[in-house]
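Source file: model_15.txt (compact mmCIF, C-alpha atoms (C1' of nucleotides))
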# COMPACT_ATOMS: atom_id res chain seq x y z
CA MET D 1 -63.67 71.01 -86.73
CA ASN D 2 -63.99 68.70 -89.71
CA HIS D 3 -67.45 69.79 -90.68
CA ARG D 4 -68.90 67.46 -93.31
CA ARG D 5 -72.52 66.90 -94.12
CA ILE D 6 -73.84 64.95 -97.08
CA LEU D 7 -76.71 66.89 -98.61
CA ASP D 8 -79.99 65.06 -99.07
CA LYS D 9 -83.55 65.63 -100.18
CA THR D 10 -84.16 68.19 -97.44
CA PHE D 11 -81.57 70.42 -99.10
CA PHE D 12 -82.71 69.86 -102.67
CA CYS D 13 -86.51 70.03 -102.21
CA HIS D 14 -86.64 73.82 -102.37
CA ASP D 15 -86.97 76.40 -105.15
CA THR D 16 -84.47 75.44 -107.83
CA ARG D 17 -83.03 78.97 -108.00
CA VAL D 18 -82.36 78.96 -104.27
CA VAL D 19 -80.75 75.52 -104.48
CA ALA D 20 -78.59 76.65 -107.41
CA LEU D 21 -77.37 79.60 -105.36
CA GLU D 22 -76.75 77.53 -102.25
CA LEU D 23 -74.80 74.86 -104.14
CA LEU D 24 -71.97 77.33 -104.70
CA GLY D 25 -69.21 76.54 -102.21
CA LYS D 26 -70.50 73.00 -101.63
CA PHE D 27 -68.36 70.03 -102.67
CA LEU D 28 -69.10 67.58 -105.44
CA VAL D 29 -67.58 64.26 -104.38
CA ARG D 30 -66.94 61.34 -106.71
CA ARG D 31 -65.76 57.93 -105.50
CA ILE D 32 -63.94 55.81 -108.06
CA GLY D 33 -62.84 52.53 -106.46
CA LYS D 34 -61.09 53.50 -103.23
CA LYS D 35 -60.32 57.05 -104.30
CA GLU D 36 -62.45 60.07 -103.61
CA ILE D 37 -62.22 63.28 -105.59
CA SER D 38 -63.76 66.39 -103.98
CA LEU D 39 -64.19 69.61 -105.90
CA MET D 40 -65.90 72.80 -104.81
CA ILE D 41 -68.86 73.80 -106.96
CA THR D 42 -68.30 77.20 -108.56
CA GLU D 43 -70.95 77.53 -111.26
CA THR D 44 -74.58 76.42 -111.52
CA GLU D 45 -77.71 77.05 -113.55
CA ALA D 46 -81.34 76.74 -112.45
CA TYR D 47 -84.01 75.17 -114.66
CA ASP D 48 -87.38 75.97 -113.21
CA GLY D 49 -90.55 74.05 -113.78
CA PRO D 50 -92.97 73.52 -116.66
CA ASN D 51 -93.04 77.16 -117.81
CA ASP D 52 -89.29 77.66 -118.25
CA LYS D 53 -88.81 77.47 -122.01
CA ALA D 54 -85.09 76.76 -121.59
CA SER D 55 -85.85 73.63 -119.57
CA HIS D 56 -86.15 70.14 -121.02
CA ALA D 57 -89.40 69.83 -119.07
CA TYR D 58 -91.04 72.71 -120.94
CA LYS D 59 -92.83 70.37 -123.34
CA GLY D 60 -93.84 67.87 -120.70
CA LYS D 61 -92.55 64.54 -119.54
CA THR D 62 -90.50 62.40 -121.92
CA LYS D 63 -88.30 59.36 -121.50
CA ARG D 64 -85.23 61.57 -121.24
CA ASN D 65 -86.48 64.13 -118.72
CA GLU D 66 -88.80 62.00 -116.59
CA VAL D 67 -86.42 62.07 -113.63
CA MET D 68 -86.98 65.83 -113.40
CA PHE D 69 -90.55 65.02 -112.36
CA ASP D 70 -89.40 62.59 -109.69
CA GLU D 71 -88.28 63.43 -106.17
CA SER D 72 -85.46 65.87 -105.52
CA GLY D 73 -81.94 64.69 -104.82
CA LEU D 74 -81.75 62.42 -107.85
CA TRP D 75 -79.20 62.84 -110.63
CA TYR D 76 -80.32 63.86 -114.10
CA VAL D 77 -77.60 63.09 -116.63
CA TYR D 78 -78.05 63.38 -120.39
CA LEU D 79 -75.90 63.66 -123.51
CA VAL D 80 -75.70 66.83 -125.61
CA TYR D 81 -74.04 67.40 -128.94
CA GLY D 82 -73.33 63.70 -129.18
CA MET D 83 -70.36 63.98 -126.86
CA TYR D 84 -70.90 65.70 -123.55
CA ASN D 85 -72.75 64.47 -120.50
CA MET D 86 -74.51 67.17 -118.49
CA LEU D 87 -74.79 66.67 -114.73
CA ASN D 88 -77.94 67.97 -113.02
CA ILE D 89 -79.47 67.46 -109.60
CA VAL D 90 -83.26 67.27 -109.43
CA THR D 91 -84.81 69.92 -107.18
CA GLY D 92 -88.19 70.99 -105.84
CA ALA D 93 -91.33 69.07 -105.04
CA LYS D 94 -92.18 65.76 -106.62
CA GLU D 95 -94.04 66.19 -109.94
CA TYR D 96 -92.67 69.73 -110.26
CA PRO D 97 -89.97 69.38 -112.95
CA ALA D 98 -86.89 71.33 -111.96
CA ALA D 99 -83.15 70.78 -111.74
CA VAL D 100 -79.80 72.50 -111.28
CA LEU D 101 -77.08 72.06 -113.89
CA ILE D 102 -73.60 71.85 -112.38
CA ARG D 103 -71.63 73.87 -114.91
CA GLY D 104 -68.32 74.22 -113.12
CA VAL D 105 -66.20 73.17 -110.16
CA GLU D 106 -62.82 74.43 -108.96
CA ARG D 107 -60.15 74.04 -111.66
CA VAL D 108 -62.69 72.55 -114.08
CA ASN D 109 -64.83 75.04 -116.00
CA GLY D 110 -67.55 73.86 -118.32
CA PRO D 111 -70.26 71.24 -117.75
CA GLY D 112 -68.88 68.85 -120.36
CA LYS D 113 -65.44 68.97 -118.78
CA VAL D 114 -66.77 68.36 -115.27
CA THR D 115 -68.40 65.07 -116.28
CA LYS D 116 -65.42 64.02 -118.37
CA PHE D 117 -62.99 64.73 -115.54
CA LEU D 118 -65.07 62.87 -112.94
CA LYS D 119 -66.12 60.03 -115.29
CA ILE D 120 -69.81 60.74 -114.99
CA THR D 121 -72.06 59.16 -117.61
CA LYS D 122 -75.73 58.43 -118.08
CA SER D 123 -75.32 55.44 -115.76
CA PHE D 124 -75.91 57.96 -112.95
CA ASN D 125 -79.22 59.10 -114.38
CA LYS D 126 -82.06 58.56 -111.85
CA LYS D 127 -79.60 57.48 -109.14
CA LYS D 128 -79.70 59.19 -105.79
CA SER D 129 -77.05 61.69 -104.82
CA SER D 130 -75.57 59.61 -102.01
CA ARG D 131 -72.37 57.95 -100.88
CA GLU D 132 -73.54 54.58 -102.15
CA SER D 133 -74.14 55.83 -105.68
CA GLY D 134 -70.54 57.02 -105.84
CA LEU D 135 -71.49 60.64 -106.48
CA TRP D 136 -72.77 63.07 -103.90
CA ILE D 137 -72.58 66.64 -102.58
CA GLU D 138 -71.20 67.75 -99.20
CA ASP D 139 -71.50 70.89 -97.14
CA ARG D 140 -68.09 71.54 -95.60
CA GLY D 141 -69.00 74.75 -93.87
CA ILE D 142 -67.86 77.22 -96.50
CA VAL D 143 -69.94 80.39 -96.35
CA VAL D 144 -70.51 82.14 -99.66
CA HIS D 145 -71.70 85.73 -99.48
CA ASN D 146 -74.16 87.18 -101.93
CA LYS D 147 -71.61 89.75 -103.07
CA GLU D 148 -69.31 86.94 -104.20
CA ILE D 149 -71.93 85.52 -106.56
CA LYS D 150 -72.26 86.74 -110.13
CA LYS D 151 -75.69 86.28 -111.69
CA THR D 152 -76.01 86.08 -115.47
CA PRO D 153 -78.32 84.63 -118.12
CA ARG D 154 -77.91 80.94 -118.81
CA ILE D 155 -75.55 79.66 -121.50
CA GLY D 156 -76.68 78.05 -124.74
CA VAL D 157 -80.41 78.71 -124.42
CA ALA D 158 -80.89 81.58 -126.87
CA TYR D 159 -83.98 79.84 -128.27
CA ALA D 160 -85.87 80.33 -125.01
CA GLY D 161 -87.25 83.83 -125.61
CA LYS D 162 -87.67 85.86 -122.43
CA TRP D 163 -86.52 82.87 -120.38
CA ALA D 164 -83.11 83.11 -122.04
CA LYS D 165 -82.60 86.47 -120.34
CA LYS D 166 -83.44 85.46 -116.80
CA PRO D 167 -80.44 85.56 -114.44
CA TYR D 168 -80.52 81.88 -113.58
CA ARG D 169 -76.78 81.27 -113.89
CA PHE D 170 -74.72 81.65 -110.74
CA VAL D 171 -70.94 81.94 -110.58
CA TYR D 172 -68.85 81.98 -107.43
CA LYS D 173 -66.26 84.67 -108.10
CA ASN D 174 -63.79 83.48 -105.48
CA ILE D 175 -62.43 80.71 -107.71
CA LEU D 176 -59.07 79.11 -106.95
C1' DA E 1 -66.00 80.41 -137.10
C1' DC E 2 -66.86 75.79 -137.43
C1' DG E 3 -66.98 70.74 -137.25
C1' DA E 4 -67.31 66.61 -134.25
C1' DT E 5 -70.82 63.27 -132.99
C1' DG E 6 -75.11 60.72 -131.58
C1' DA E 7 -79.38 60.82 -128.81
C1' DT E 8 -83.80 62.86 -128.82
C1' DG E 9 -88.36 64.30 -130.16
C1' DA E 10 -91.39 65.64 -133.70
C1' DA E 11 -92.83 65.30 -138.29
C1' DC E 12 -94.07 62.42 -142.01
C1' DT M 1 -88.09 56.39 -140.94
C1' DT M 2 -86.12 60.72 -141.60
C1' DC M 3 -84.76 65.14 -140.02
C1' DA M 4 -83.48 69.26 -137.40
C1' DT M 5 -81.88 70.31 -133.11
C1' DC M 6 -78.97 70.37 -129.23
C1' DA M 7 -78.20 73.19 -121.25
C1' DT M 8 -70.52 71.91 -125.60
C1' DC M 9 -65.76 72.14 -126.68
C1' DG M 10 -61.34 72.05 -129.22
C1' DT M 11 -59.17 73.68 -133.11
C1' DA M 12 -58.47 77.50 -136.31
Please re-express this file's structure in structure tokens.
Amino acid sequence: MNHRRILDKTFFCHDTRVVALELLGKFLVRRIGKKEISLMITETEAYDGPNDKASHAYKGKTKRNEVMFDESGLWYVYLVYGMYNMLNIVTGAKEYPAAVLIRGVERVNGPGKVTKFLKITKSFNKKKSSRESGLWIEDRGIVVHNKEIKKTPRIGVAYAGKWAKKPYRFVYKNIL
DNA sequence: ACGATGATGAAC
DNA sequence: TTCATCATCGTA
């Protein structure tokens, strides 16, 4: 059975923490010309709504974060530290600003390295996760058990007070 | 432990 | 218009 299902809005329109968990074991697929690169997602972080101080949406809608307020299943890509693009997928209901940061995939650890390896830039911002955009996520039938998932505080958000301590980072331990 | 490197948002 | 900050990473 070659089980393959491209994930769409129906997958992403749920609680961002649930989506972040369920993205582990799914495949991030990037088409460049005729070639497709598929890598299993191994590390994610949830950014949850207007009250999460670690989230870009905490202070309301801006030009940068406005896609977080749009419908789920869209890419949110932005530049940090002048060098690294961060890849997020918008989650939850429309107007509820939430997203999941894809921090790591198999053999590529670190959100800046993922985007560099897959040549993902801000040109993907606000595009839909879909085959036609050249970047999408597939379910290939891998089942990840709760015991295989490590939950930790998020990285690089020490400024966020009590939100910095919430276990919104998810790591699939069964990494190749 | 620290510098690279530039967009962003808030202050002025 | 200036300024501090930043969901990072490679080098030391």
Taking (-88.5, 69.6, -132.1) in the file's own coordinates, collect the residues within 12 Å, counting only C-alpha atoms (C1' of nucleotides), and hand them back as a PDB file with C-alpha atoms (C1' of nucleotides), keeping the file's coordinate frame.
ATOM      1  CA  HIS D  56     -86.150  70.140-121.020  1.00  0.00           C
ATOM      2  CA  TYR D  58     -91.040  72.710-120.940  1.00  0.00           C
ATOM      3  CA  LYS D  59     -92.830  70.370-123.340  1.00  0.00           C
ATOM      4  CA  TYR D 159     -83.980  79.840-128.270  1.00  0.00           C
TER       5      TYR D 159
ATOM      6  C1'  DT E   8     -83.800  62.860-128.820  1.00  0.00           C
ATOM      7  C1'  DG E   9     -88.360  64.300-130.160  1.00  0.00           C
ATOM      8  C1'  DA E  10     -91.390  65.640-133.700  1.00  0.00           C
ATOM      9  C1'  DA E  11     -92.830  65.300-138.290  1.00  0.00           C
TER      10       DA E  11
ATOM     11  C1'  DC M   3     -84.760  65.140-140.020  1.00  0.00           C
ATOM     12  C1'  DA M   4     -83.480  69.260-137.400  1.00  0.00           C
ATOM     13  C1'  DT M   5     -81.880  70.310-133.110  1.00  0.00           C
ATOM     14  C1'  DC M   6     -78.970  70.370-129.230  1.00  0.00           C
TER      15       DC M   6
END
For a test of reading the model, state the distance in Å between atom CA of Tyr47 of chain D and atom CA of Asp8 of chain D, rounded to one decimal.
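Interatomic distance, atom CA of Tyr47 of chain D to atom CA of Asp8 of chain D: 19.0 Å.
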Show me, as a Markdown table, the residues of chain D having an atom within 12 Å of chain M, each with the closest atom pair and its distance in Å, using only C-alpha atoms (C1' of nucleotides).
| residue | atom | partner | partner_atom | distance |
| --- | --- | --- | --- | --- |
| D:Thr44 | CA | M:DA7 | C1' | 10.9 |
| D:Glu45 | CA | M:DA7 | C1' | 8.6 |
| D:Ala46 | CA | M:DA7 | C1' | 10.0 |
| D:Tyr47 | CA | M:DA7 | C1' | 9.0 |
| D:Lys53 | CA | M:DA7 | C1' | 11.5 |
| D:Ala54 | CA | M:DA7 | C1' | 7.8 |
| D:Ser55 | CA | M:DA7 | C1' | 7.8 |
| D:His56 | CA | M:DA7 | C1' | 8.5 |
| D:Ala57 | CA | M:DA7 | C1' | 11.9 |
| D:Tyr76 | CA | M:DA7 | C1' | 11.9 |
| D:Val77 | CA | M:DA7 | C1' | 11.1 |
| D:Tyr78 | CA | M:DA7 | C1' | 9.8 |
| D:Leu79 | CA | M:DC6 | C1' | 9.3 |
| D:Val80 | CA | M:DC6 | C1' | 6.0 |
| D:Tyr81 | CA | M:DC6 | C1' | 5.8 |
| D:Gly82 | CA | M:DC6 | C1' | 8.7 |
| D:Met83 | CA | M:DT8 | C1' | 8.0 |
| D:Tyr84 | CA | M:DT8 | C1' | 6.6 |
| D:Asn85 | CA | M:DT8 | C1' | 9.3 |
| D:Met86 | CA | M:DA7 | C1' | 7.6 |
| D:Leu87 | CA | M:DA7 | C1' | 9.8 |
| D:Asn88 | CA | M:DA7 | C1' | 9.7 |
| D:Ala99 | CA | M:DA7 | C1' | 11.0 |
| D:Val100 | CA | M:DA7 | C1' | 10.1 |
| D:Leu101 | CA | M:DA7 | C1' | 7.5 |
| D:Ile102 | CA | M:DA7 | C1' | 10.1 |
| D:Arg103 | CA | M:DA7 | C1' | 9.2 |
| D:Asn109 | CA | M:DC9 | C1' | 11.1 |
| D:Gly110 | CA | M:DT8 | C1' | 8.1 |
| D:Pro111 | CA | M:DT8 | C1' | 7.9 |
| D:Gly112 | CA | M:DT8 | C1' | 6.3 |
| D:Lys113 | CA | M:DC9 | C1' | 8.5 |
| D:Val114 | CA | M:DT8 | C1' | 11.5 |
| D:Thr115 | CA | M:DT8 | C1' | 11.8 |
| D:Lys116 | CA | M:DC9 | C1' | 11.6 |
| D:Pro153 | CA | M:DA7 | C1' | 11.9 |
| D:Arg154 | CA | M:DA7 | C1' | 8.1 |
| D:Ile155 | CA | M:DA7 | C1' | 7.0 |
| D:Gly156 | CA | M:DA7 | C1' | 6.2 |
| D:Val157 | CA | M:DA7 | C1' | 6.7 |
| D:Ala158 | CA | M:DA7 | C1' | 10.5 |
| D:Tyr159 | CA | M:DC6 | C1' | 10.8 |
| D:Ala160 | CA | M:DA7 | C1' | 11.1 |
| D:Ala164 | CA | M:DA7 | C1' | 11.1 |
| D:Tyr168 | CA | M:DA7 | C1' | 11.8 |
| D:Arg169 | CA | M:DA7 | C1' | 11.0 |
If the cut-off is 7 Å, can you tell me the residues of chain E near chain D, counting only C-alpha atoms (C1' of nucleotides)? I'd like them as a PyMOL selection string. chain E and resi 5-7
inquiry  = Can you measure atom CA of Trp163 of chain D to atom CA of Met68 of chain D for me? One decimal in Å is fine.
reply    =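 Separation between atom CA of Trp163 of chain D and atom CA of Met68 of chain D: 18.4 Å.
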